[in-house]
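Below is final_14.txt, which holds compact mmCIF, C-alpha atoms and all ligand atoms.
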# COMPACT_ATOMS: atom_id res chain seq x y z
CA MET A 1 6.70 58.28 -112.95
CA ASP A 2 4.18 59.10 -110.22
CA LEU A 3 3.89 56.37 -107.62
CA ARG A 4 0.95 58.02 -105.83
CA TYR A 5 -2.61 56.89 -106.50
CA SER A 6 -4.69 59.35 -108.53
CA SER A 7 -8.00 60.61 -107.15
CA THR A 8 -9.86 58.22 -109.51
CA GLU A 9 -7.83 55.29 -108.18
CA LEU A 10 -8.46 56.33 -104.58
CA ALA A 11 -12.19 56.58 -105.29
CA PHE A 12 -12.09 53.10 -106.87
CA ARG A 13 -10.33 51.73 -103.76
CA ASP A 14 -12.81 53.29 -101.34
CA GLU A 15 -15.80 52.06 -103.31
CA LEU A 16 -14.33 48.55 -103.48
CA ARG A 17 -13.53 48.53 -99.74
CA GLU A 18 -17.08 49.51 -98.96
CA TRP A 19 -18.51 46.84 -101.30
CA LEU A 20 -16.26 44.13 -99.83
CA ALA A 21 -17.19 45.10 -96.25
CA ARG A 22 -20.88 44.89 -97.19
CA THR A 23 -20.74 41.73 -99.30
CA LEU A 24 -18.31 39.36 -97.57
CA PRO A 25 -20.50 38.82 -94.46
CA THR A 26 -23.34 37.64 -96.75
CA LEU A 27 -21.33 34.71 -98.16
CA PRO A 28 -22.31 31.18 -97.09
CA ALA A 29 -19.89 29.06 -95.01
CA LYS A 30 -16.94 27.63 -96.97
CA PRO A 31 -17.59 24.09 -98.23
CA ASP A 32 -15.52 21.04 -97.23
CA ALA A 33 -12.10 20.97 -98.88
CA ASP A 34 -12.83 17.82 -100.90
CA ASP A 35 -16.45 18.53 -101.86
CA TRP A 36 -15.71 19.73 -105.38
CA PRO A 37 -19.30 20.33 -106.60
CA ALA A 38 -19.87 22.48 -103.49
CA ARG A 39 -16.56 24.25 -104.03
CA ARG A 40 -17.53 24.95 -107.62
CA ALA A 41 -20.86 26.42 -106.43
CA TYR A 42 -19.10 28.58 -103.80
CA ASP A 43 -16.35 29.88 -106.13
CA THR A 44 -18.69 30.58 -109.04
CA THR A 45 -21.18 32.33 -106.74
CA TRP A 46 -18.39 34.67 -105.64
CA GLN A 47 -17.45 35.24 -109.28
CA ARG A 48 -21.08 36.06 -110.12
CA LEU A 49 -21.24 38.57 -107.26
CA LEU A 50 -18.05 40.24 -108.51
CA HIS A 51 -19.53 40.37 -112.01
CA GLU A 52 -22.83 41.89 -110.88
CA ALA A 53 -20.93 44.58 -108.97
CA GLY A 54 -18.63 45.37 -111.93
CA TYR A 55 -15.50 43.88 -110.35
CA ALA A 56 -15.00 40.85 -112.63
CA GLY A 57 -12.11 40.99 -115.10
CA ILE A 58 -10.83 44.34 -113.83
CA ASN A 59 -8.28 44.55 -116.67
CA TRP A 60 -10.25 42.61 -119.32
CA PRO A 61 -11.71 44.56 -122.27
CA ARG A 62 -15.20 46.03 -121.72
CA GLU A 63 -16.54 44.48 -124.91
CA PHE A 64 -16.11 41.02 -123.33
CA GLY A 65 -17.68 41.92 -119.99
CA GLY A 66 -14.55 43.18 -118.24
CA ARG A 67 -14.12 46.51 -116.48
CA GLY A 68 -11.45 47.75 -118.92
CA ALA A 69 -9.67 49.41 -116.00
CA THR A 70 -6.00 50.38 -115.61
CA PRO A 71 -3.28 47.99 -114.34
CA THR A 72 -3.13 50.05 -111.14
CA GLU A 73 -6.82 49.49 -110.49
CA HIS A 74 -6.27 45.78 -111.10
CA LEU A 75 -3.48 45.75 -108.48
CA ILE A 76 -5.65 47.75 -106.05
CA PHE A 77 -8.39 45.16 -106.55
CA LEU A 78 -5.99 42.33 -105.70
CA GLU A 79 -4.59 44.10 -102.63
CA GLU A 80 -7.97 45.07 -101.24
CA SER A 81 -9.55 41.67 -101.87
CA GLU A 82 -6.72 39.94 -100.07
CA ARG A 83 -6.73 42.44 -97.20
CA ALA A 84 -10.47 41.94 -96.70
CA GLY A 85 -10.12 38.12 -96.75
CA ALA A 86 -12.22 37.71 -99.93
CA PRO A 87 -12.39 34.22 -101.52
CA TYR A 88 -9.56 33.15 -103.80
CA VAL A 89 -10.33 32.44 -107.51
CA GLY A 90 -10.53 28.69 -106.70
CA VAL A 91 -11.99 26.58 -109.51
CA ASN A 92 -12.08 29.69 -111.74
CA PHE A 93 -8.26 29.67 -111.76
CA VAL A 94 -7.72 28.33 -115.29
CA GLY A 95 -10.52 30.33 -116.93
CA LEU A 96 -9.72 33.65 -115.27
CA LEU A 97 -5.96 33.48 -115.05
CA HIS A 98 -4.76 31.77 -118.21
CA ALA A 99 -7.41 30.34 -120.59
CA GLY A 100 -9.33 33.64 -120.72
CA PRO A 101 -6.20 35.77 -121.16
CA THR A 102 -5.04 33.38 -123.92
CA LEU A 103 -8.36 33.82 -125.74
CA ILE A 104 -8.06 37.60 -125.41
CA ALA A 105 -4.59 37.42 -127.00
CA GLU A 106 -5.07 34.57 -129.50
CA GLY A 107 -8.75 33.66 -129.89
CA ASN A 108 -11.00 34.83 -132.74
CA ASP A 109 -13.96 37.14 -132.15
CA GLU A 110 -16.47 34.31 -132.01
CA GLN A 111 -14.41 32.41 -129.42
CA ARG A 112 -13.96 35.54 -127.32
CA ARG A 113 -17.67 36.40 -127.46
CA ARG A 114 -18.67 32.84 -126.58
CA HIS A 115 -16.27 32.25 -123.71
CA LEU A 116 -15.00 35.42 -122.06
CA PRO A 117 -18.29 36.80 -120.66
CA ALA A 118 -19.24 33.29 -119.44
CA ILE A 119 -15.94 33.00 -117.54
CA LEU A 120 -16.43 36.42 -115.96
CA ARG A 121 -20.04 35.66 -114.95
CA GLY A 122 -18.91 32.43 -113.24
CA ASP A 123 -21.08 30.39 -115.63
CA ASP A 124 -18.20 28.37 -117.09
CA VAL A 125 -15.31 26.62 -115.36
CA TRP A 126 -12.18 25.61 -117.27
CA CYS A 127 -9.43 23.05 -116.77
CA GLN A 128 -6.03 22.59 -118.39
CA GLY A 129 -5.18 19.46 -120.42
CA PHE A 130 -1.50 19.96 -121.18
CA SER A 131 0.57 17.39 -119.21
CA GLU A 132 0.71 13.72 -120.11
CA PRO A 133 2.31 10.79 -118.26
CA ASP A 134 5.42 11.07 -120.48
CA ALA A 135 5.25 14.79 -121.18
CA GLY A 136 5.55 17.17 -118.23
CA SER A 137 8.73 19.25 -118.31
CA ASP A 138 9.22 18.17 -121.90
CA LEU A 139 5.67 19.21 -122.78
CA ALA A 140 6.37 19.37 -126.52
CA SER A 141 6.76 15.59 -126.61
CA MET A 142 3.03 15.18 -125.85
CA ARG A 143 1.26 12.52 -127.91
CA THR A 144 -2.52 12.97 -127.63
CA ARG A 145 -3.56 12.73 -131.30
CA ALA A 146 -6.15 14.79 -133.18
CA VAL A 147 -7.09 13.52 -136.64
CA ARG A 148 -9.15 15.72 -138.92
CA ASP A 149 -12.53 14.27 -140.00
CA GLY A 150 -14.56 16.86 -141.93
CA ASP A 151 -15.49 19.71 -139.56
CA HIS A 152 -14.15 17.88 -136.51
CA TYR A 153 -10.94 16.65 -134.94
CA VAL A 154 -11.11 13.15 -133.50
CA VAL A 155 -9.00 13.20 -130.33
CA THR A 156 -7.50 10.18 -128.57
CA GLY A 157 -4.99 10.24 -125.72
CA HIS A 158 -4.26 10.46 -122.00
CA LYS A 159 -3.77 13.62 -119.94
CA ILE A 160 -2.70 13.82 -116.31
CA TRP A 161 -2.72 16.32 -113.39
CA THR A 162 -5.75 18.01 -114.97
CA SER A 163 -6.77 20.41 -112.19
CA TYR A 164 -10.58 20.79 -111.66
CA ALA A 165 -11.33 18.35 -114.52
CA GLY A 166 -14.16 16.81 -112.48
CA VAL A 167 -16.08 20.10 -112.28
CA ALA A 168 -15.01 21.83 -115.51
CA ASP A 169 -17.17 22.73 -118.53
CA TRP A 170 -14.25 23.41 -120.89
CA CYS A 171 -10.63 22.39 -121.24
CA GLU A 172 -7.67 24.13 -122.88
CA LEU A 173 -6.33 21.04 -124.62
CA LEU A 174 -3.03 20.41 -126.41
CA VAL A 175 -3.18 17.88 -129.23
CA ARG A 176 -0.76 16.63 -131.87
CA THR A 177 -2.18 17.43 -135.30
CA ASP A 178 0.94 16.58 -137.34
CA PRO A 179 2.81 13.51 -136.05
CA ASP A 180 5.49 13.85 -138.76
CA ALA A 181 6.50 17.46 -138.00
CA PRO A 182 9.33 18.30 -135.51
CA LYS A 183 7.83 17.99 -132.03
CA HIS A 184 7.26 21.73 -131.41
CA ARG A 185 5.62 22.25 -134.78
CA GLY A 186 2.84 19.63 -134.94
CA ILE A 187 0.84 20.81 -131.89
CA SER A 188 -2.55 22.58 -131.81
CA TRP A 189 -4.47 24.32 -128.95
CA LEU A 190 -8.14 23.26 -128.80
CA ILE A 191 -11.16 24.25 -126.72
CA LEU A 192 -12.60 20.94 -125.54
CA PRO A 193 -16.21 20.78 -124.26
CA MET A 194 -15.95 18.56 -121.17
CA ASP A 195 -19.39 16.99 -121.78
CA SER A 196 -18.25 15.44 -125.08
CA PRO A 197 -18.77 11.68 -125.38
CA GLY A 198 -15.53 9.67 -124.97
CA ILE A 199 -14.04 11.57 -121.99
CA GLU A 200 -13.31 9.67 -118.80
CA ILE A 201 -12.10 11.44 -115.66
CA ARG A 202 -10.29 9.49 -112.92
CA PRO A 203 -9.56 11.59 -109.81
CA LEU A 204 -6.08 11.54 -108.22
CA LYS A 205 -5.35 12.28 -104.55
CA THR A 206 -3.02 15.11 -103.54
CA LEU A 207 -0.77 15.11 -100.48
CA LEU A 208 -3.63 16.82 -98.62
CA GLY A 209 -5.99 13.97 -99.50
CA SER A 210 -8.05 16.15 -101.84
CA SER A 211 -8.98 15.26 -105.44
CA GLU A 212 -8.33 18.57 -107.12
CA PHE A 213 -6.72 17.02 -110.16
CA SER A 214 -7.43 13.97 -112.27
CA GLU A 215 -6.30 11.79 -115.10
CA MET A 216 -8.28 12.42 -118.27
CA PHE A 217 -8.71 9.70 -120.91
CA LEU A 218 -9.91 10.73 -124.37
CA ASP A 219 -11.28 8.06 -126.66
CA GLU A 220 -12.17 9.32 -130.14
CA VAL A 221 -13.61 12.55 -128.78
CA ARG A 222 -15.05 14.75 -131.56
CA VAL A 223 -14.09 18.43 -131.25
CA PRO A 224 -15.33 21.00 -133.80
CA VAL A 225 -12.54 22.52 -135.92
CA SER A 226 -14.02 25.93 -135.00
CA ASN A 227 -12.65 25.28 -131.47
CA LEU A 228 -9.06 25.61 -132.72
CA VAL A 229 -7.27 28.61 -131.16
CA GLY A 230 -4.59 30.03 -133.46
CA ALA A 231 -3.66 28.11 -136.58
CA GLU A 232 -3.43 24.33 -136.88
CA ASN A 233 0.09 23.20 -135.88
CA ASP A 234 0.84 26.64 -134.37
CA GLY A 235 -0.27 25.50 -130.90
CA TRP A 236 3.19 25.63 -129.32
CA ARG A 237 3.31 29.39 -129.82
CA VAL A 238 -0.19 29.73 -128.29
CA THR A 239 0.95 27.46 -125.43
CA MET A 240 3.82 29.85 -124.66
CA VAL A 241 1.23 32.63 -124.32
CA THR A 242 -0.84 30.50 -121.91
CA LEU A 243 2.21 29.55 -119.85
CA SER A 244 3.45 33.11 -119.62
CA PHE A 245 0.11 34.11 -118.06
CA GLU A 246 0.18 31.04 -115.82
CA ARG A 247 3.72 31.81 -114.63
CA GLY A 248 3.61 35.59 -114.71
CA THR A 249 0.27 36.79 -113.44
CA ALA A 250 -1.51 33.77 -111.99
CA TRP A 251 0.47 33.90 -108.71
CA VAL A 252 -0.16 37.56 -108.07
CA ASP A 253 -2.82 37.28 -105.35
CA GLN A 254 -0.74 34.65 -103.57
CA ILE A 255 2.11 37.16 -103.29
CA VAL A 256 -0.22 39.58 -101.50
CA ASP A 257 -1.39 36.66 -99.35
CA SER A 258 2.25 35.87 -98.46
CA ILE A 259 2.79 39.43 -97.23
CA ARG A 260 -0.14 38.89 -94.83
CA LEU A 261 1.18 35.46 -93.75
CA VAL A 262 4.62 36.91 -92.87
CA ALA A 263 2.88 39.50 -90.65
CA ASP A 264 0.71 36.76 -89.08
CA LEU A 265 3.79 34.65 -88.44
CA ALA A 266 5.57 37.53 -86.72
CA ALA A 267 2.51 37.96 -84.44
CA ILE A 268 2.43 34.21 -83.68
CA ALA A 269 6.15 34.24 -82.87
CA SER A 270 5.46 36.71 -80.06
CA LYS A 271 2.90 34.34 -78.55
CA VAL A 272 4.71 30.98 -78.85
CA THR A 273 7.02 30.34 -75.90
CA SER A 274 9.61 27.68 -75.34
CA HIS A 275 11.65 27.34 -72.10
CA GLY A 276 10.14 30.62 -70.89
CA ALA A 277 11.20 32.71 -73.90
CA ALA A 278 9.06 33.87 -76.82
CA ALA A 279 10.09 32.61 -80.27
CA TRP A 280 10.29 36.27 -81.28
CA ASP A 281 13.16 36.79 -78.78
CA ASP A 282 15.37 34.74 -81.10
CA ARG A 283 17.38 37.23 -83.18
CA GLY A 284 18.03 34.66 -85.90
CA LEU A 285 14.31 34.07 -86.33
CA ARG A 286 13.58 37.80 -86.46
CA ARG A 287 16.26 38.20 -89.13
CA ASP A 288 14.76 35.34 -91.21
CA ILE A 289 11.24 36.81 -90.93
CA GLY A 290 12.66 40.21 -91.93
CA HIS A 291 14.40 38.73 -94.98
CA LEU A 292 11.19 37.08 -96.12
CA ALA A 293 9.18 40.26 -95.57
CA ALA A 294 11.70 42.11 -97.76
CA GLU A 295 11.63 39.38 -100.40
CA PHE A 296 7.83 39.40 -100.74
CA ASP A 297 7.88 43.17 -100.84
CA ALA A 298 10.38 43.01 -103.71
CA LEU A 299 8.26 40.36 -105.47
CA TRP A 300 5.20 42.59 -105.17
CA ALA A 301 7.20 45.45 -106.75
CA LEU A 302 8.31 43.07 -109.53
CA THR A 303 4.69 42.05 -110.04
CA LYS A 304 3.63 45.66 -110.42
CA ARG A 305 6.34 46.16 -113.01
CA GLY A 306 5.32 42.97 -114.87
CA VAL A 307 1.61 43.89 -114.90
CA THR A 308 2.39 47.42 -116.10
CA GLU A 309 4.80 46.22 -118.80
CA ALA A 310 2.36 43.62 -120.08
CA SER A 311 -0.46 46.15 -120.25
CA THR A 312 1.58 48.75 -122.12
CA GLY A 313 3.25 46.27 -124.48
CA SER A 314 1.86 43.18 -126.19
CA GLY A 315 -0.48 42.38 -123.28
CA VAL A 316 1.41 39.13 -122.69
CA PRO A 317 4.03 38.70 -119.92
CA GLY A 318 7.53 37.95 -121.29
CA PRO A 319 10.11 35.37 -120.08
CA GLY A 320 10.47 37.52 -116.92
CA ALA A 321 7.38 35.57 -115.78
CA SER A 322 9.77 32.68 -115.04
CA VAL A 323 11.78 34.88 -112.64
CA LEU A 324 8.63 35.71 -110.70
CA LYS A 325 7.40 32.10 -110.63
CA LEU A 326 10.77 30.74 -109.53
CA ARG A 327 11.48 33.32 -106.81
CA TYR A 328 7.92 33.43 -105.48
CA THR A 329 7.36 29.65 -105.19
CA GLU A 330 10.75 29.09 -103.52
CA ALA A 331 10.19 32.02 -101.11
CA ARG A 332 6.75 30.63 -100.22
CA GLN A 333 8.34 27.30 -99.31
CA ARG A 334 10.94 29.07 -97.13
CA LEU A 335 8.12 30.96 -95.40
CA MET A 336 6.31 27.71 -94.65
CA ASP A 337 9.51 26.06 -93.34
CA LEU A 338 10.02 29.06 -91.08
CA ALA A 339 6.42 28.75 -89.88
CA ALA A 340 7.09 25.12 -88.98
CA ARG A 341 10.11 26.28 -86.93
CA VAL A 342 7.96 28.79 -85.04
CA LEU A 343 5.00 26.46 -84.52
CA ASP A 344 7.24 23.66 -83.30
CA ARG A 345 5.02 20.63 -82.51
CA GLY A 346 1.97 22.60 -83.72
CA ALA A 347 3.47 22.17 -87.20
CA LEU A 348 2.36 18.54 -87.09
CA SER A 349 -1.35 19.28 -86.69
CA ARG A 350 -3.85 20.34 -89.36
CA GLY A 351 -6.20 21.43 -86.59
CA ASP A 352 -5.59 24.66 -84.63
CA ILE A 353 -3.94 24.11 -81.24
CA GLY A 354 -3.83 26.42 -78.22
CA GLY A 355 -5.55 29.32 -79.97
CA LEU A 356 -2.90 29.48 -82.72
CA PRO A 357 -3.84 29.36 -86.43
CA ASN A 358 -1.37 26.55 -87.09
CA GLY A 359 -3.87 24.62 -89.31
CA GLU A 360 -3.65 27.24 -92.07
CA PHE A 361 0.16 27.16 -92.02
CA VAL A 362 0.32 23.36 -92.05
CA GLU A 363 -2.06 23.12 -95.02
CA GLU A 364 -0.22 25.86 -96.85
CA ARG A 365 3.12 24.16 -96.14
CA LEU A 366 1.87 20.95 -97.77
CA ASN A 367 0.33 22.91 -100.65
CA SER A 368 3.47 24.94 -101.23
CA MET A 369 5.45 21.78 -101.98
CA SER A 370 3.58 21.50 -105.29
CA TYR A 371 4.17 25.14 -106.31
CA THR A 372 7.74 24.49 -107.48
CA ILE A 373 6.37 21.74 -109.77
CA ALA A 374 3.07 23.17 -111.12
CA ALA A 375 3.26 25.39 -114.24
CA GLY A 376 6.80 24.12 -114.92
CA THR A 377 9.35 23.04 -112.30
CA SER A 378 12.01 25.30 -110.80
CA GLN A 379 14.66 23.55 -112.91
CA ILE A 380 12.71 24.34 -116.08
CA GLN A 381 12.29 27.99 -115.02
CA ARG A 382 16.08 28.15 -114.47
CA ASN A 383 16.64 26.73 -117.97
CA ILE A 384 14.29 29.38 -119.43
CA ILE A 385 16.00 32.19 -117.50
CA GLY A 386 19.44 30.92 -118.55
CA GLU A 387 18.58 30.53 -122.21
CA ARG A 388 16.02 33.24 -122.94
CA ILE A 389 16.99 36.02 -120.54
CA LEU A 390 20.72 35.52 -119.94
CA GLY A 391 21.45 34.20 -123.46
CA LEU A 392 23.39 31.18 -122.17
CA PRO A 393 23.89 28.19 -124.53
CA ARG A 394 20.89 25.88 -124.85
CA GLU A 395 20.91 22.74 -122.68
C1 LIG A 401 -0.52 21.13 -108.09
C2 LIG A 401 -0.31 20.82 -109.54
C3 LIG A 401 -1.30 21.14 -110.44
C4 LIG A 401 -1.11 20.84 -111.79
N1 LIG A 401 -2.13 21.13 -112.66
C5 LIG A 401 -1.99 20.80 -113.95
C6 LIG A 401 -3.08 21.04 -114.85
O1 LIG A 401 -4.14 21.53 -114.48
N2 LIG A 401 -2.92 20.68 -116.14
C7 LIG A 401 -1.75 20.14 -116.60
O2 LIG A 401 -1.67 19.90 -117.80
N3 LIG A 401 -0.71 19.89 -115.77
C8 LIG A 401 -0.81 20.20 -114.47
N4 LIG A 401 0.24 19.94 -113.59
C9 LIG A 401 1.41 19.24 -114.08
C10 LIG A 401 2.71 20.04 -114.12
O3 LIG A 401 2.71 20.95 -115.18
C11 LIG A 401 3.87 19.03 -114.24
O4 LIG A 401 3.87 18.25 -113.06
C12 LIG A 401 5.21 19.70 -114.39
O5 LIG A 401 5.31 20.35 -115.63
C13 LIG A 401 6.38 18.69 -114.25
O6 LIG A 401 6.20 17.61 -115.09
P1 LIG A 401 6.30 16.11 -114.51
O7 LIG A 401 5.45 16.03 -113.28
O8 LIG A 401 6.02 15.18 -115.62
O9 LIG A 401 7.81 15.94 -114.02
P2 LIG A 401 9.04 15.56 -114.95
O10 LIG A 401 9.02 16.37 -116.19
O11 LIG A 401 9.09 14.07 -115.10
O12 LIG A 401 10.27 16.05 -114.07
C14 LIG A 401 10.86 15.24 -113.02
C15 LIG A 401 12.07 15.99 -112.48
O13 LIG A 401 13.07 16.13 -113.52
C16 LIG A 401 13.45 17.49 -113.68
N5 LIG A 401 13.72 17.79 -115.09
C17 LIG A 401 13.01 17.36 -116.16
N6 LIG A 401 13.53 17.86 -117.30
C18 LIG A 401 14.58 18.64 -116.95
C19 LIG A 401 15.52 19.44 -117.67
N7 LIG A 401 15.45 19.55 -118.99
N8 LIG A 401 16.46 20.12 -116.97
C20 LIG A 401 16.54 20.02 -115.60
N9 LIG A 401 15.67 19.27 -114.87
C21 LIG A 401 14.71 18.61 -115.53
C22 LIG A 401 12.23 18.28 -113.20
O14 LIG A 401 12.59 19.59 -112.80
C23 LIG A 401 11.74 17.42 -112.03
O15 LIG A 401 12.47 17.73 -110.87
C24 LIG A 401 0.09 20.22 -112.24
C25 LIG A 401 1.08 19.91 -111.31
C26 LIG A 401 0.90 20.19 -109.97
C27 LIG A 401 1.99 19.83 -109.01

Encoded form (structure tokens):
Amino acid sequence: MDLRYSSTELAFRDELREWLARTLPTLPAKPDADDWPARRAYDTTWQRLLHEAGYAGINWPREFGGRGATPTEHLIFLEESERAGAPYVGVNFVGLLHAGPTLIAEGNDEQRRRHLPAILRGDDVWCQGFSEPDAGSDLASMRTRAVRDGDHYVVTGHKIWTSYAGVADWCELLVRTDPDAPKHRGISWLILPMDSPGIEIRPLKTLLGSSEFSEMFLDEVRVPVSNLVGAENDGWRVTMVTLSFERGTAWVDQIVDSIRLVADLAAIASKVTSHGAAAWDDRGLRRDIGHLAAEFDALWALTKRGVTEASTGSGVPGPGASVLKLRYTEARQRLMDLAARVLDRGALSRGDIGGLPNGEFVEERLNSMSYTIAAGTSQIQRNIIGERILGLPRE
């Protein structure tokens, strides 16, 4: 094993740094947090710029518009983008981080040709229609029905927590195609065009007051059978592929972001004073910041291992993705609790106070509360780790 970057990788990094330094100042101002059409325009513009410069889909195959680069170059891309303060994937989250990778692993050639380049160009935005009001942790009990009618499925049901549904063009949709089969066997994974007649989107409000997810009602929506990914009734297996990307690789840039936030917090702790002493003078606080810095460092090393393993093996992260998701999301919450301790009363304001960037920490603290729920709760990740990694008896 050689942990040093090769000369090709160093050249890639330098070129990317130079491009980021030149391009980021040309971006328009960030849109309001709850203006979703504007956020779509901003995020897809960034994606288009990446694509034009050859930086979209760093590790996606060249034949579908990706760069076809090595896992190391992919990790360099993530590190450098974060370091330069480049925009996050935003509304392109589902398409880039789990729908696209699922199509690479499970789609047919026509589906890959149709969808992958459009995701990379920022032309198409995807959402995820998995959860239902009575099927979250126990996703396999979902009930949205798809009945075959010639070349179409006729889909009726109710989805919930559908992130970006209001601005999406496509949805990765789970439907029940065999109501008589055992619950894990009668499910299929469909590509749903979001402009189909019969879809109604009702926005929900998050803790932050933003409408990033919605309820989605489907009333006899006709979906072509050619939009089936994998075989009919084999959708649970395809779903496991999607979830392993969502749990294993979709958090990666946030881990790099957390490393930056720990450093920012340490700097803030030197500035915040209480009773004449800087917060940083507190040995207990320094120890807690140090522990978190070490934990994110370890998570970044685990990420590198996961990305490398996935790229040399089947291309799909294994159940180890649950370890990463569980440890990362819980560490992020501890980081935000620690930030609240440092910021003291500033932790109650979403606006910056006294020259400190407390607004970012307060928003991230509220956001981080959802991370241990989204993509499967911490309890579910523990069940997966217990059963599939440690071989403990099933619950
Ligand atoms: C920010 C965010 C974005 C999301 N985006 C999407 C999206 O785009 N598309 C989508 O389909 N879904 C999305 N979800 C939904 C998410 O997948 C579900 O919220 C999650 O799977 C939990 O399901 P639930 O909310 O129904 O909770 P429940 O399943 O009702 O769980 C309630 C509590 O019971 C516990 N519990 C349940 N079963 C067990 C068990 N067997 N063992 C131990 N404890 C258990 C859970 O851990 C939890 O604490 C999103 C959620 C969030 C928070």

- Task: Enumerate as an MDAnalysis selection string the residues within 9 Å of ligand LIG 401 (chain A), counting only C-alpha atoms and all ligand atoms.
- Result: chainID A and resid 94 127:139 159:165 172:174 206 212:214 367:383 395

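Close contacts of segment 64-70 of chain A, defined as residues with an atom at most 7 Å away when counting all atoms listed in the file, with chain neighbours fewer than 6 positions off set aside, comprise Gly54, Tyr55, Ala56, Gly57, Ile58, Arg113, Leu116, Pro117 and Leu120 of chain A.
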
- Which of these residues is nearest to Leu96 of chain A, using only C-alpha atoms: A:Thr249, A:Gly318, A:Ile201, A:Arg17? A:Thr249

- Kindly give the distance, in Å, that separates atom CA of Met142 of chain A and atom CA of His158 of chain A, rounded to a single decimal.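 Value for the atom CA of Met142 of chain A-atom CA of His158 of chain A distance: 9.5 Å.
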
- Message: Show me the residues close to (2.1, 22.7, -97.8) - anything with an atom within 10 Å, counting all atoms listed in the file - and format the list as a ChimeraX atom specification.
- Response: /A:207-208,332-333,336-337,360-371

- Message: So that I can see what lies close to Thr242 of chain A, please list as a ChimeraX atom specification the residues with an atom at most 9 Å from it, counting only C-alpha atoms and leaving out residues fewer than 6 positions away in the same chain.
- Response: /A:98-99,101-102,316

Here's a test: counting only C-alpha atoms, identify every protein, DNA and RNA residue with an atom at most 9 Å from (8.9, 39.6, -95.6) in the file's coordinate frame, and state them as a short mmCIF file (atom, residue, chain, number, x, y, z; two decimals) with C-alpha atoms, keeping the file's coordinate frame.
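New file selection39.cif:
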data_model
loop_
_atom_site.label_atom_id
_atom_site.label_comp_id
_atom_site.auth_asym_id
_atom_site.auth_seq_id
_atom_site.Cartn_x
_atom_site.Cartn_y
_atom_site.Cartn_z
CA SER A 258 2.25 35.87 -98.46
CA ILE A 259 2.79 39.43 -97.23
CA LEU A 261 1.18 35.46 -93.75
CA VAL A 262 4.62 36.91 -92.87
CA ALA A 263 2.88 39.50 -90.65
CA ASP A 288 14.76 35.34 -91.21
CA ILE A 289 11.24 36.81 -90.93
CA GLY A 290 12.66 40.21 -91.93
CA HIS A 291 14.40 38.73 -94.98
CA LEU A 292 11.19 37.08 -96.12
CA ALA A 293 9.18 40.26 -95.57
CA ALA A 294 11.70 42.11 -97.76
CA GLU A 295 11.63 39.38 -100.40
CA PHE A 296 7.83 39.40 -100.74
CA ASP A 297 7.88 43.17 -100.84
CA ALA A 298 10.38 43.01 -103.71
CA LEU A 335 8.12 30.96 -95.40
#

- So which one's closest to Leu243 of chain A, A:Arg287, A:Lys325, A:Lys30, A:Lys183? Using all atoms listed in the file, please.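 The closest residue to Leu243 of chain A is A:Lys325.
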
- Residue neighbourhood Leu192 of chain A, 10 Å, only C-alpha atoms, exclusion window fewer than 3 positions, as a ChimeraX atom specification: /A:126-129,155,169-174,189,195-196,221-224,227-228

- Note on the structure: Here atom CA of Ile385 of chain A and atom CA of Ala181 of chain A stand apart by 27.0 Å

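For the atom pair formed by atom CA of Leu97 of chain A and atom CA of Phe245 of chain A, the distance is 6.8 Å, given to one decimal.
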
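Of the residues under consideration (A:Leu103, A:Leu204, A:Asn358, A:Tyr5), A:Asn358 shows the shortest atom-to-atom contact distance to Gly346 of chain A when counting all atoms listed in the file.
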
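The shortest atom-to-atom distance to Ala53 of chain A, with only C-alpha atoms taken into account, belongs to A:Trp19 out of A:Phe217, A:Phe77, A:Trp251, A:Trp19.
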